[in-house]
file final-v1.txt (compact mmCIF, C-alpha atoms)
# COMPACT_ATOMS: atom_id res chain seq x y z
CA MET A 224 82.70 89.72 111.31
CA ALA A 225 81.16 92.95 112.53
CA THR A 226 77.76 94.06 111.28
CA ALA A 227 77.79 97.47 109.58
CA VAL A 228 74.69 99.52 110.42
CA ILE A 229 73.21 102.87 109.46
CA VAL A 230 72.41 105.06 112.44
CA ASP A 231 71.48 108.28 110.64
CA VAL A 232 71.39 109.92 107.20
CA VAL A 233 71.00 113.63 106.48
CA ARG A 234 71.00 115.77 103.37
CA THR A 235 70.67 119.36 102.34
CA PRO A 236 67.77 120.41 100.14
CA SER A 237 68.46 120.15 96.41
CA GLY A 238 69.25 123.49 94.82
CA ARG A 239 69.26 124.24 91.13
CA GLY A 240 72.83 123.92 89.91
CA LYS A 241 73.08 127.23 88.11
CA PRO A 242 73.81 130.85 89.05
CA GLY A 243 70.99 132.12 91.23
CA GLY A 244 70.08 128.63 92.46
CA ALA A 245 69.03 128.37 96.09
CA LEU A 246 72.40 126.97 97.22
CA SER A 247 74.64 128.61 94.64
CA GLY A 248 75.88 131.14 97.19
CA VAL A 249 77.28 128.43 99.47
CA HIS A 250 80.82 127.12 98.99
CA PRO A 251 80.76 123.32 98.45
CA VAL A 252 83.15 122.79 101.37
CA ASP A 253 80.62 124.49 103.64
CA LEU A 254 77.73 122.46 102.19
CA ALA A 255 79.60 119.29 103.11
CA ALA A 256 80.58 120.68 106.50
CA ASP A 257 76.91 121.30 107.30
CA VAL A 258 75.94 117.63 106.96
CA LEU A 259 79.01 116.47 108.91
CA THR A 260 78.21 118.79 111.81
CA ALA A 261 74.55 117.77 111.78
CA LEU A 262 75.37 114.08 112.17
CA LEU A 263 77.42 114.76 115.29
CA GLU A 264 74.81 117.06 116.83
CA ARG A 265 71.86 114.77 116.08
CA ASN A 266 73.58 111.76 117.63
CA GLY A 267 75.47 113.29 120.55
CA LEU A 268 78.91 112.38 119.24
CA GLU A 269 82.28 114.09 119.50
CA SER A 270 84.28 114.41 116.29
CA GLY A 271 87.21 112.54 117.80
CA GLN A 272 85.09 109.39 117.87
CA ILE A 273 84.97 109.29 114.05
CA ASP A 274 87.57 106.96 112.54
CA ASP A 275 87.33 108.33 108.99
CA VAL A 276 85.24 110.55 106.71
CA LEU A 277 84.73 109.42 103.10
CA LEU A 278 83.01 111.86 100.74
CA GLY A 279 82.15 111.46 97.07
CA CYS A 280 82.73 114.29 94.63
CA VAL A 281 82.93 114.11 90.83
CA SER A 282 84.33 117.46 89.66
CA GLN A 283 87.39 117.67 91.89
CA VAL A 284 88.71 121.00 90.59
CA GLY A 285 88.50 124.60 91.73
CA GLU A 286 86.41 124.93 94.88
CA GLN A 287 86.06 121.13 95.02
CA SER A 288 89.78 120.36 94.71
CA GLY A 289 92.44 119.54 97.28
CA ASN A 290 90.62 116.56 98.85
CA ILE A 291 87.32 118.31 99.60
CA ALA A 292 86.52 115.71 102.28
CA ARG A 293 89.45 116.88 104.40
CA GLN A 294 88.59 120.53 103.81
CA ALA A 295 85.00 119.83 104.95
CA VAL A 296 86.19 118.04 108.09
CA LEU A 297 88.28 121.05 109.04
CA ALA A 298 85.56 123.55 108.11
CA ALA A 299 83.09 121.59 110.27
CA GLY A 300 85.34 122.12 113.27
CA PHE A 301 86.22 118.44 113.62
CA ASP A 302 89.26 117.49 115.62
CA GLU A 303 92.36 117.71 113.43
CA THR A 304 93.06 114.03 114.13
CA VAL A 305 90.04 112.94 112.01
CA PRO A 306 91.24 111.85 108.55
CA ALA A 307 89.22 112.12 105.34
CA SER A 308 89.35 111.01 101.72
CA THR A 309 87.47 111.95 98.57
CA VAL A 310 86.01 109.25 96.30
CA ASP A 311 85.25 109.46 92.57
CA ARG A 312 83.12 106.72 91.06
CA GLN A 313 81.27 109.28 88.99
CA CYS A 314 77.53 109.45 89.83
CA GLY A 315 77.92 106.63 92.35
CA SER A 316 80.69 108.33 94.31
CA SER A 317 78.90 108.64 97.65
CA GLN A 318 77.31 105.20 97.28
CA GLN A 319 80.84 103.86 96.83
CA ALA A 320 81.94 105.89 99.87
CA ALA A 321 79.21 104.15 101.88
CA HIS A 322 80.41 100.78 100.55
CA PHE A 323 83.98 101.52 101.59
CA ALA A 324 82.81 102.64 105.03
CA ALA A 325 80.62 99.58 105.65
CA GLN A 326 83.20 97.17 104.25
CA GLY A 327 85.87 98.71 106.52
CA ILE A 328 83.61 98.18 109.51
CA ILE A 329 82.84 94.58 108.51
CA ALA A 330 86.59 93.95 108.14
CA GLY A 331 87.28 95.38 111.60
CA ALA A 332 89.28 98.38 110.34
CA TYR A 333 86.74 100.96 111.54
CA ASP A 334 84.20 101.41 114.31
CA ILE A 335 82.53 104.67 113.20
CA VAL A 336 82.67 106.30 109.77
CA ILE A 337 80.82 109.14 108.08
CA ALA A 338 80.24 108.50 104.36
CA GLY A 339 78.61 110.98 102.04
CA GLY A 340 79.19 113.36 99.18
CA VAL A 341 78.85 116.85 97.81
CA GLU A 342 78.54 118.60 94.46
CA SER A 343 78.00 122.26 93.65
CA MET A 344 77.20 122.21 89.96
CA SER A 345 76.46 125.94 90.00
CA ARG A 346 79.97 126.82 91.19
CA VAL A 347 81.94 123.96 89.59
CA PRO A 348 80.16 123.26 86.28
CA LEU A 349 79.76 119.79 84.83
CA GLY A 350 82.81 119.07 82.68
CA ALA A 351 85.06 121.51 84.53
CA ALA A 352 87.43 118.71 85.50
CA ALA A 353 88.26 118.08 81.82
CA ALA A 354 88.90 121.73 81.00
CA GLY A 355 92.67 121.21 81.08
CA GLY A 356 92.68 118.43 78.48
CA SER A 357 90.88 115.32 77.29
CA PRO A 358 90.87 112.19 79.46
CA PHE A 359 90.71 110.09 76.26
CA SER A 360 94.30 109.06 75.59
CA PRO A 361 95.69 107.68 72.31
CA ARG A 362 95.46 104.11 73.63
CA LEU A 363 91.84 104.64 74.65
CA HIS A 364 91.05 106.06 71.21
CA ALA A 365 92.74 103.04 69.66
CA ARG A 366 90.44 100.70 71.57
CA TYR A 367 87.32 102.72 70.68
CA PRO A 368 88.17 104.26 67.28
CA GLN A 369 84.57 105.36 66.68
CA GLY A 370 84.74 107.35 69.90
CA LEU A 371 82.67 107.24 73.07
CA VAL A 372 79.74 109.59 73.69
CA ASN A 373 78.36 111.79 76.45
CA GLN A 374 75.78 110.45 78.88
CA GLY A 375 72.86 112.14 77.13
CA VAL A 376 73.63 110.27 73.92
CA SER A 377 73.95 107.04 75.90
CA ALA A 378 70.49 107.73 77.33
CA GLU A 379 69.24 108.12 73.74
CA LEU A 380 70.79 104.80 72.72
CA ILE A 381 69.09 103.12 75.69
CA ALA A 382 65.71 104.62 74.75
CA ALA A 383 66.16 103.29 71.22
CA LYS A 384 67.29 99.80 72.29
CA TRP A 385 64.36 99.35 74.68
CA ASN A 386 61.85 100.99 72.29
CA LEU A 387 60.90 103.68 74.77
CA SER A 388 58.64 106.33 73.27
CA ARG A 389 58.83 110.06 73.95
CA ASP A 390 55.44 109.80 75.70
CA GLU A 391 56.76 107.06 78.01
CA LEU A 392 59.86 109.10 78.89
CA ASP A 393 57.90 112.29 79.53
CA GLY A 394 55.20 110.40 81.41
CA TYR A 395 57.80 108.88 83.71
CA ALA A 396 59.37 112.30 84.33
CA ALA A 397 56.04 113.94 85.16
CA ALA A 398 55.23 111.08 87.53
CA SER A 399 58.59 111.53 89.30
CA HIS A 400 57.74 115.17 90.06
CA ALA A 401 54.24 114.21 91.21
CA ARG A 402 55.54 111.50 93.54
CA ALA A 403 58.21 113.77 95.02
CA ALA A 404 55.76 116.64 95.52
CA ARG A 405 53.30 114.34 97.26
CA ALA A 406 56.01 112.87 99.50
CA ALA A 407 57.21 116.36 100.42
CA ALA A 408 53.68 117.49 101.24
CA GLU A 409 53.25 114.44 103.49
CA GLY A 410 56.49 115.28 105.34
CA ARG A 411 58.29 112.17 104.13
CA PHE A 412 61.64 113.96 103.80
CA ALA A 413 61.45 115.93 107.05
CA SER A 414 63.63 113.59 109.12
CA GLN A 415 66.51 113.76 106.65
CA LEU A 416 66.37 117.36 105.40
CA LEU A 417 68.86 119.81 106.87
CA PRO A 418 67.96 123.47 106.23
CA VAL A 419 70.74 125.60 104.74
CA GLY A 420 70.07 129.16 105.79
CA ASP A 421 66.50 129.86 104.70
CA VAL A 422 66.50 127.00 102.16
CA VAL A 423 64.29 124.33 103.73
CA ALA A 424 62.86 122.40 100.74
CA ASP A 425 64.02 120.92 97.45
CA GLU A 426 64.10 123.63 94.80
CA THR A 427 64.08 121.11 91.96
CA VAL A 428 60.63 119.56 92.58
CA ARG A 429 57.85 120.87 90.33
CA GLY A 430 54.64 119.17 91.29
CA GLY A 431 52.66 120.78 88.48
CA THR A 432 54.75 119.22 85.72
CA THR A 433 52.61 117.72 82.95
CA VAL A 434 53.33 115.47 80.00
CA GLU A 435 51.87 118.14 77.75
CA ALA A 436 54.36 120.74 78.98
CA LEU A 437 57.29 118.35 78.69
CA ALA A 438 56.27 117.46 75.13
CA GLY A 439 57.17 120.99 74.04
CA LEU A 440 60.84 120.62 74.97
CA LYS A 441 63.43 119.88 72.29
CA PRO A 442 66.01 117.07 72.45
CA ALA A 443 69.08 118.32 74.30
CA PHE A 444 71.91 116.12 73.03
CA ARG A 445 71.52 116.00 69.24
CA THR A 446 74.45 117.57 67.39
CA ASP A 447 75.31 117.38 63.71
CA ALA A 448 78.22 115.06 64.49
CA TYR A 449 76.10 112.68 66.56
CA ALA A 450 73.23 112.83 64.07
CA SER A 451 75.66 111.80 61.32
CA ARG A 452 77.04 108.98 63.44
CA PHE A 453 73.59 107.69 64.47
CA PRO A 454 71.42 108.54 61.44
CA ASP A 455 68.53 106.31 62.50
CA LEU A 456 68.24 107.64 66.03
CA ASP A 457 64.92 109.27 66.94
CA TRP A 458 66.12 111.86 69.47
CA LYS A 459 63.91 111.94 72.60
CA ILE A 460 66.00 112.94 75.64
CA THR A 461 65.20 116.49 76.74
CA PRO A 462 65.91 118.63 79.82
CA GLY A 463 62.47 117.60 81.07
CA ASN A 464 63.08 113.83 81.13
CA SER A 465 66.66 114.23 82.44
CA SER A 466 67.86 115.02 85.95
CA PRO A 467 68.64 118.72 86.48
CA LEU A 468 72.02 120.19 87.33
CA THR A 469 71.95 120.30 91.13
CA ASP A 470 73.75 121.54 94.23
CA GLY A 471 73.66 119.49 97.43
CA ALA A 472 75.39 117.42 100.08
CA SER A 473 74.44 114.34 102.09
CA ALA A 474 76.03 111.98 104.59
CA ALA A 475 75.38 108.78 106.54
CA LEU A 476 76.59 107.81 110.00
CA ILE A 477 77.78 104.22 109.67
CA MET A 478 79.16 102.12 112.51
CA SER A 479 79.47 98.63 113.87
CA GLU A 480 76.29 97.41 115.53
CA GLN A 481 78.26 96.68 118.70
CA ARG A 482 79.55 100.26 118.91
CA ALA A 483 76.10 101.73 118.18
CA VAL A 484 74.54 99.74 121.02
CA ALA A 485 77.39 100.66 123.37
CA LEU A 486 76.79 104.35 122.62
CA GLY A 487 73.05 104.02 123.21
CA LEU A 488 72.26 104.70 119.53
CA THR A 489 69.63 102.85 117.53
CA PRO A 490 70.75 101.01 114.39
CA ARG A 491 68.13 101.73 111.72
CA ALA A 492 69.34 99.31 109.02
CA ARG A 493 72.23 97.01 108.25
CA PHE A 494 74.20 96.65 105.05
CA HIS A 495 73.15 93.29 103.62
CA SER A 496 74.97 93.01 100.27
CA PHE A 497 77.20 94.97 97.89
CA ALA A 498 78.05 94.84 94.19
CA VAL A 499 79.95 96.95 91.69
CA VAL A 500 80.29 96.20 87.97
CA GLY A 501 81.72 97.55 84.76
CA ASP A 502 79.62 97.58 81.60
CA ASP A 503 79.62 98.79 77.98
CA PRO A 504 81.10 102.33 78.03
CA LEU A 505 79.17 103.35 74.92
CA MET A 506 75.75 102.49 76.33
CA MET A 507 77.32 103.57 79.65
CA LEU A 508 74.14 103.83 81.74
CA THR A 509 72.98 100.20 81.56
CA GLY A 510 75.25 99.14 84.43
CA PRO A 511 72.41 98.91 87.01
CA ILE A 512 71.05 95.89 85.11
CA PRO A 513 74.09 93.59 85.59
CA ALA A 514 74.75 95.15 89.01
CA THR A 515 71.27 94.10 90.11
CA ALA A 516 71.77 90.58 88.77
CA ARG A 517 75.06 90.29 90.63
CA ILE A 518 73.78 91.57 93.96
CA LEU A 519 70.70 89.36 93.85
CA GLU A 520 72.93 86.34 93.22
CA ARG A 521 75.20 87.29 96.11
CA SER A 522 72.39 88.10 98.51
CA GLY A 523 70.26 85.04 97.82
CA LEU A 524 67.25 87.31 97.38
CA GLY A 525 64.90 87.62 94.43
CA ILE A 526 63.67 90.86 92.92
CA ASP A 527 60.24 90.31 94.49
CA ASP A 528 61.77 89.93 97.96
CA LEU A 529 62.74 93.59 97.88
CA ASP A 530 60.30 96.18 99.20
CA VAL A 531 61.62 99.27 97.40
CA TYR A 532 64.01 100.00 94.54
CA GLU A 533 65.92 103.28 94.30
CA VAL A 534 67.31 103.38 90.75
CA ASN A 535 68.93 106.72 90.01
CA GLU A 536 66.98 108.75 87.48
CA ALA A 537 69.90 110.27 85.62
CA PHE A 538 67.58 110.08 82.60
CA ALA A 539 64.10 108.55 82.38
CA SER A 540 65.33 105.86 80.02
CA VAL A 541 67.61 104.38 82.72
CA PRO A 542 65.03 103.19 85.29
CA LEU A 543 62.56 102.27 82.54
CA ALA A 544 65.09 99.99 80.81
CA TRP A 545 66.15 98.59 84.20
CA ALA A 546 62.55 97.74 85.11
CA ALA A 547 61.96 96.11 81.73
CA GLU A 548 65.03 93.89 82.10
CA THR A 549 64.58 92.92 85.75
CA GLY A 550 60.81 92.47 85.83
CA ALA A 551 60.65 94.71 88.89
CA ASP A 552 57.31 95.91 90.25
CA PRO A 553 56.87 99.50 88.93
CA ALA A 554 55.01 100.46 92.13
CA LYS A 555 58.19 99.85 94.16
CA LEU A 556 60.41 101.90 91.82
CA ASN A 557 61.36 105.33 93.21
CA PRO A 558 57.99 105.66 94.97
CA TRP A 559 58.82 109.09 96.45
CA GLY A 560 60.25 110.43 93.21
CA GLY A 561 63.77 110.29 91.90
CA ALA A 562 66.56 112.47 90.57
CA ILE A 563 64.44 113.96 87.78
CA ALA A 564 62.50 115.72 90.54
CA LEU A 565 64.77 115.57 93.60
CA GLY A 566 67.93 116.50 91.71
CA HIS A 567 71.24 114.83 90.96
CA ALA A 568 74.08 116.58 92.77
CA LEU A 569 76.55 114.09 91.36
CA GLY A 570 78.86 113.38 94.29
CA SER A 571 76.00 113.51 96.79
CA SER A 572 73.39 111.41 95.01
CA GLY A 573 74.36 108.01 96.41
CA THR A 574 73.71 108.89 100.04
CA ARG A 575 70.72 111.04 99.03
CA LEU A 576 69.13 107.91 97.57
CA LEU A 577 70.12 105.98 100.69
CA ALA A 578 68.33 108.53 102.87
CA THR A 579 65.16 108.26 100.79
CA MET A 580 65.24 104.46 100.66
CA LEU A 581 65.73 104.08 104.42
CA ALA A 582 62.96 106.56 105.21
CA HIS A 583 60.60 104.71 102.86
CA LEU A 584 61.33 101.34 104.48
CA GLU A 585 60.65 102.83 107.90
CA ALA A 586 57.43 104.53 106.80
CA THR A 587 56.03 101.41 105.15
CA GLY A 588 57.43 98.68 107.41
CA GLY A 589 59.43 97.22 104.54
CA ARG A 590 62.42 94.99 105.18
CA TYR A 591 64.77 95.10 102.17
CA GLY A 592 65.72 97.97 99.86
CA LEU A 593 67.86 97.96 96.71
CA GLN A 594 69.78 101.02 95.54
CA THR A 595 71.63 101.12 92.23
CA MET A 596 73.32 103.91 90.27
CA CYS A 597 74.48 104.21 86.68
CA GLU A 598 77.92 105.80 86.46
CA GLY A 599 80.07 107.56 83.89
CA GLY A 600 82.37 105.30 81.89
CA GLY A 601 79.96 102.37 82.09
CA MET A 602 79.86 101.25 85.72
CA ALA A 603 77.27 100.75 88.47
CA ASN A 604 77.06 100.17 92.20
CA ALA A 605 74.30 98.23 93.91
CA THR A 606 73.48 98.06 97.62
CA ILE A 607 70.89 96.08 99.57
CA ILE A 608 70.03 97.22 103.09
CA GLU A 609 67.82 95.50 105.65
CA ARG A 610 65.72 97.63 107.99
CA LEU A 611 66.19 96.72 111.64

call {"tool": "encode", "arguments": {"input": "final-v1.txt", "output": "structure tokens"}}
result
Amino acid sequence: MATAVIVDVVRTPSGRGKPGGALSGVHPVDLAADVLTALLERNGLESGQIDDVLLGCVSQVGEQSGNIARQAVLAAGFDETVPASTVDRQCGSSQQAAHFAAQGIIAGAYDIVIAGGVESMSRVPLGAAAAGGSPFSPRLHARYPQGLVNQGVSAELIAAKWNLSRDELDGYAAASHARAARAAAEGRFASQLLPVGDVVADETVRGGTTVEALAGLKPAFRTDAYASRFPDLDWKITPGNSSPLTDGASAALIMSEQRAVALGLTPRARFHSFAVVGDDPLMMLTGPIPATARILERSGLGIDDLDVYEVNEAFASVPLAWAAETGADPAKLNPWGGAIALGHALGSSGTRLLATMLAHLEATGGRYGLQTMCEGGGMANATIIERL
């Protein structure tokens, strides 16, 4: 079997996903086209050498409809012979795109693939895809007669189950901003960041965030209906300990090791192991816990063999519960900050995390990194890479 390797990963800065955000004036197709073009230019490739382009995107309506991956390929000026497909595994969409790319290379179906993702939450708001009707059919309602909940409520249920206090949640969020601000100041993101116009840094990082300031924010997901359904719930999830709405794009250049060497390119890491799981759709965001157990079993590695863990910070309760269940070393968890600070542009987040994890392994001399993402509907992907 071929070995699937990562040659390069790039991303745009994270822009606030609301009108007036730093990237809100850029069409999502063009955001994605920017990272595609950059990968070719940085690595001296012609577009015709790319076998496929796989991009994650969650809200595939409006400006993100019509197979946005193909639109981005054409907008980037790629040869018309280059195919493309858009992937939706909710928040893990671009991580799944990277899995599909690497697995295709391992199987011998591809030599060179670009995998990534894009989301413009300022231009295509969260929930826009469901504006034409509910995705919850009569049969789904029959299976879950009490009804499912939104992700914010799931984050509340996780905080309650793992006895996470408001101080712990806010403390984790403030630390995420501090870690990201420090990493940015040290130039840790420089090799992966692709300026978009005059936007050269992540707009979402606020290094001065304090627990005291976060304590003044009100819970964001409590409604009368949910309060009636969960009367004993102590509501703690706020905008401050959640990831912000974000605009951004990212992409990885993935190829067989043999082809990389033949082209004179340097493989930076190889894909070691993969996992994807389904989990309780009510709790929804606990999927990284069984996904981690599965990938460790498949890889033959233990949690302490890993040098860094990138666990997506959709909400502070997610990585905190994950760490409590896995016994992971907190010092290795999102050491350069996570989505609470660096943003969560849904379709792009998987390869954004991959960029951060690879850069951290290279900066520290680490060998193995684990990435895992909670996903809407109660799913999770997990990936282990090995630095070369």

call {"tool": "atom_distance", "arguments": {"input": "final-v1.txt", "atom1": "atom CA of Pro306 of chain A", "atom2": "atom CA of Ala255 of chain A"}}
result
14.8 Å

call {"tool": "residues_around", "arguments": {"input": "final-v1.txt", "residues": "Pro542 of chain A", "least_positions_apart": "6", "cutoff": "10 Å", "atoms": "only C-alpha atoms", "output": "VMD selection string"}}
result
chain A and resid 395 508 to 509 511 to 512 532 to 536 548 553 556 to 557 561 595 to 597

call {"tool": "closest_residue", "arguments": {"input": "final-v1.txt", "among": "A:Leu349, A:Val531, A:Ala582, A:Leu577", "to": "Ala321 of chain A", "atoms": "only C-alpha atoms"}}
result
A:Leu577

call {"tool": "residues_near_point", "arguments": {"input": "final-v1.txt", "point": "(65.7, 107.3, 80.4)", "cutoff": "12 Å", "atoms": "only C-alpha atoms", "output": "ChimeraX atom specification"}}
result
/A:374-396,458-466,506,508-509,534-547,562-563,597

call {"tool": "write_last_selection", "arguments": {"input": "final-v1.txt", "atoms": "C-alpha atoms", "output": "short mmCIF file (atom, residue, chain, number, x, y, z; two decimals), in the coordinates of the input"}}
result
data_model
loop_
_atom_site.label_atom_id
_atom_site.label_comp_id
_atom_site.auth_asym_id
_atom_site.auth_seq_id
_atom_site.Cartn_x
_atom_site.Cartn_y
_atom_site.Cartn_z
CA GLN A 374 75.78 110.45 78.88
CA GLY A 375 72.86 112.14 77.13
CA VAL A 376 73.63 110.27 73.92
CA SER A 377 73.95 107.04 75.90
CA ALA A 378 70.49 107.73 77.33
CA GLU A 379 69.24 108.12 73.74
CA LEU A 380 70.79 104.80 72.72
CA ILE A 381 69.09 103.12 75.69
CA ALA A 382 65.71 104.62 74.75
CA ALA A 383 66.16 103.29 71.22
CA LYS A 384 67.29 99.80 72.29
CA TRP A 385 64.36 99.35 74.68
CA ASN A 386 61.85 100.99 72.29
CA LEU A 387 60.90 103.68 74.77
CA SER A 388 58.64 106.33 73.27
CA ARG A 389 58.83 110.06 73.95
CA ASP A 390 55.44 109.80 75.70
CA GLU A 391 56.76 107.06 78.01
CA LEU A 392 59.86 109.10 78.89
CA ASP A 393 57.90 112.29 79.53
CA GLY A 394 55.20 110.40 81.41
CA TYR A 395 57.80 108.88 83.71
CA ALA A 396 59.37 112.30 84.33
CA TRP A 458 66.12 111.86 69.47
CA LYS A 459 63.91 111.94 72.60
CA ILE A 460 66.00 112.94 75.64
CA THR A 461 65.20 116.49 76.74
CA PRO A 462 65.91 118.63 79.82
CA GLY A 463 62.47 117.60 81.07
CA ASN A 464 63.08 113.83 81.13
CA SER A 465 66.66 114.23 82.44
CA SER A 466 67.86 115.02 85.95
CA MET A 506 75.75 102.49 76.33
CA LEU A 508 74.14 103.83 81.74
CA THR A 509 72.98 100.20 81.56
CA VAL A 534 67.31 103.38 90.75
CA ASN A 535 68.93 106.72 90.01
CA GLU A 536 66.98 108.75 87.48
CA ALA A 537 69.90 110.27 85.62
CA PHE A 538 67.58 110.08 82.60
CA ALA A 539 64.10 108.55 82.38
CA SER A 540 65.33 105.86 80.02
CA VAL A 541 67.61 104.38 82.72
CA PRO A 542 65.03 103.19 85.29
CA LEU A 543 62.56 102.27 82.54
CA ALA A 544 65.09 99.99 80.81
CA TRP A 545 66.15 98.59 84.20
CA ALA A 546 62.55 97.74 85.11
CA ALA A 547 61.96 96.11 81.73
CA ALA A 562 66.56 112.47 90.57
CA ILE A 563 64.44 113.96 87.78
CA CYS A 597 74.48 104.21 86.68
#

call {"tool": "closest_residue", "arguments": {"input": "final-v1.txt", "among": "A:Arg493, A:Arg312, A:Ser451, A:Leu486", "to": "Gln326 of chain A", "atoms": "all atoms listed in the file"}}
result
A:Arg493

call {"tool": "closest_residue", "arguments": {"input": "final-v1.txt", "among": "A:Ala586, A:Ile607, A:Val347, A:Val434", "to": "Leu524 of chain A", "atoms": "only C-alpha atoms"}}
result
A:Ile607

call {"tool": "residues_near_point", "arguments": {"input": "final-v1.txt", "point": "(86.2, 111.1, 103.9)", "cutoff": "9 Å", "atoms": "only C-alpha atoms", "output": "number ranges by chain"}}
result
A: 275-279, 290-293, 295-296, 306-310, 320, 336-340

call {"tool": "residues_around", "arguments": {"input": "final-v1.txt", "residues": "segment 488-491 of chain A", "least_positions_apart": "3", "cutoff": "9 Å", "atoms": "all atoms listed in the file", "output": "list in words"}}
result
Val228, Ile229, Val230, Asp231, Asn266, Met478, Glu480, Arg482, Ala483, Val484, Ala485, Leu581, Glu585, Glu609, Arg610 and Leu611 of chain A

call {"tool": "atom_distance", "arguments": {"input": "final-v1.txt", "atom1": "atom CA of Gly300 of chain A", "atom2": "atom CA of Leu263 of chain A"}}
result
11.0 Å

call {"tool": "atom_distance", "arguments": {"input": "final-v1.txt", "atom1": "atom CA of Leu262 of chain A", "atom2": "atom CA of Asp425 of chain A"}}
result
19.8 Å

call {"tool": "closest_residue", "arguments": {"input": "final-v1.txt", "among": "A:Ala324, A:Val258, A:Ala299, A:Val232", "to": "Asp274 of chain A", "atoms": "all atoms listed in the file"}}
result
A:Ala324

call {"tool": "residues_around", "arguments": {"input": "final-v1.txt", "residues": "Tyr591 of chain A", "least_positions_apart": "6", "cutoff": "6 Å", "atoms": "only C-alpha atoms", "output": "list of chain:residue names"}}
result
A:Leu529, A:Asp530, A:Ile608, A:Glu609
